[in-house]
Amino acid sequence: MSDLALAQNHAFQLARTLMVPVTLFRSGNEFGVLPSDELEDGEVEAIAEFDPFDHRPAH
């Protein structure tokens with residue numbers, strides 16, 4: 001499993017645990033996750049947002 005796939009999996013699980021939207025972002029060579037409402041636009045390179053209330057099938 002790649003680092004990105006692992007980060008996406010953990011971000012999705014965190015969103016489901018906290019029941020808040022979270023944003024997966026890249027900072028240098030590392031990945032991070034924060035609740036989406038704590039990030040300012042353009043503050044980080046956002047990769048994906050995971051919303052626990054969005055029930056669409058995974059891509």
# chains A, B, ... in the order shown; residues from 1 in each chain; ligands from 1

$ residues_around --residues "A:Thr17" --least-positions-apart "6" --cutoff "12 Å" --atoms "only C-alpha atoms" --output "PyMOL selection string"
chain A and resi 10-11+35+50-53

$ select_by_dssp --residues "stretch 3-53 of chain A" --states "strand (DSSP E or B)" --output "list in words"
Val22, Thr23, Leu24, Phe25, Arg26, Ser27, Glu30, Phe31, Gly32, Val33, Leu34, Pro35, Glu45, Ala46, Ile47, Ala48, Glu49 and Phe50 of chain A

$ atom_distance --atom1 "atom CA of A:Gly32" --atom2 "atom CA of A:Ala48"
11.0 Å

$ select_by_dssp --residues "stretch 1-58 of chain A" --states "helix (DSSP H, G or I)" --output "list in words"
Asp3, Leu4, Ala5, Leu6, Ala7, Gln8, Asn9, His10, Ala11, Phe12, Gln13, Leu14, Ala15, Arg16, Thr17, Leu18, Ser36, Asp37 and Glu38 of chain A

$ residues_around --residues "A:Leu34" --least-positions-apart "6" --cutoff "12 Å" --atoms "only C-alpha atoms" --output "list in words"
His10, Ala11, Phe12, Leu14, Ala15, Leu18, Val20, Pro21, Val22, Thr23, Leu24, Phe25, Arg26, Glu40, Glu43, Val44, Ala46, Ile47, Ala48, Glu49 and Phe50 of chain A

$ atom_distance --atom1 "atom CA of A:Ser36" --atom2 "atom CA of A:Asp3"
20.9 Å

$ decode --residues "stretch 1-30 of chain A" --atoms "C-alpha atoms" --output "tab-separated table (two decimals), in the first residue's frame"
chain	number	residue	atom	x	y	z
A	1	MET	CA	0.00	0.00	0.00
A	2	SER	CA	1.41	3.38	-0.98
A	3	ASP	CA	1.83	6.23	1.49
A	4	LEU	CA	-0.99	8.14	-0.21
A	5	ALA	CA	-3.38	5.17	-0.06
A	6	LEU	CA	-2.57	4.67	3.62
A	7	ALA	CA	-3.11	8.38	4.34
A	8	GLN	CA	-6.45	8.32	2.49
A	9	ASN	CA	-7.59	5.28	4.46
A	10	HIS	CA	-6.68	6.88	7.78
A	11	ALA	CA	-8.30	10.19	6.79
A	12	PHE	CA	-11.54	8.41	5.87
A	13	GLN	CA	-11.57	6.49	9.15
A	14	LEU	CA	-10.87	9.68	11.12
A	15	ALA	CA	-13.77	11.47	9.43
A	16	ARG	CA	-16.07	8.56	10.32
A	17	THR	CA	-14.82	8.47	13.92
A	18	LEU	CA	-15.07	12.22	14.55
A	19	MET	CA	-18.16	12.62	12.34
A	20	VAL	CA	-16.77	15.84	10.85
A	21	PRO	CA	-15.37	16.55	7.36
A	22	VAL	CA	-11.58	16.26	7.28
A	23	THR	CA	-9.06	17.39	4.68
A	24	LEU	CA	-6.08	15.30	3.64
A	25	PHE	CA	-3.17	17.57	2.68
A	26	ARG	CA	0.47	17.40	1.69
A	27	SER	CA	3.17	19.36	3.47
A	28	GLY	CA	6.56	18.80	1.87
A	29	ASN	CA	6.96	15.03	1.59
A	30	GLU	CA	4.49	14.21	4.35
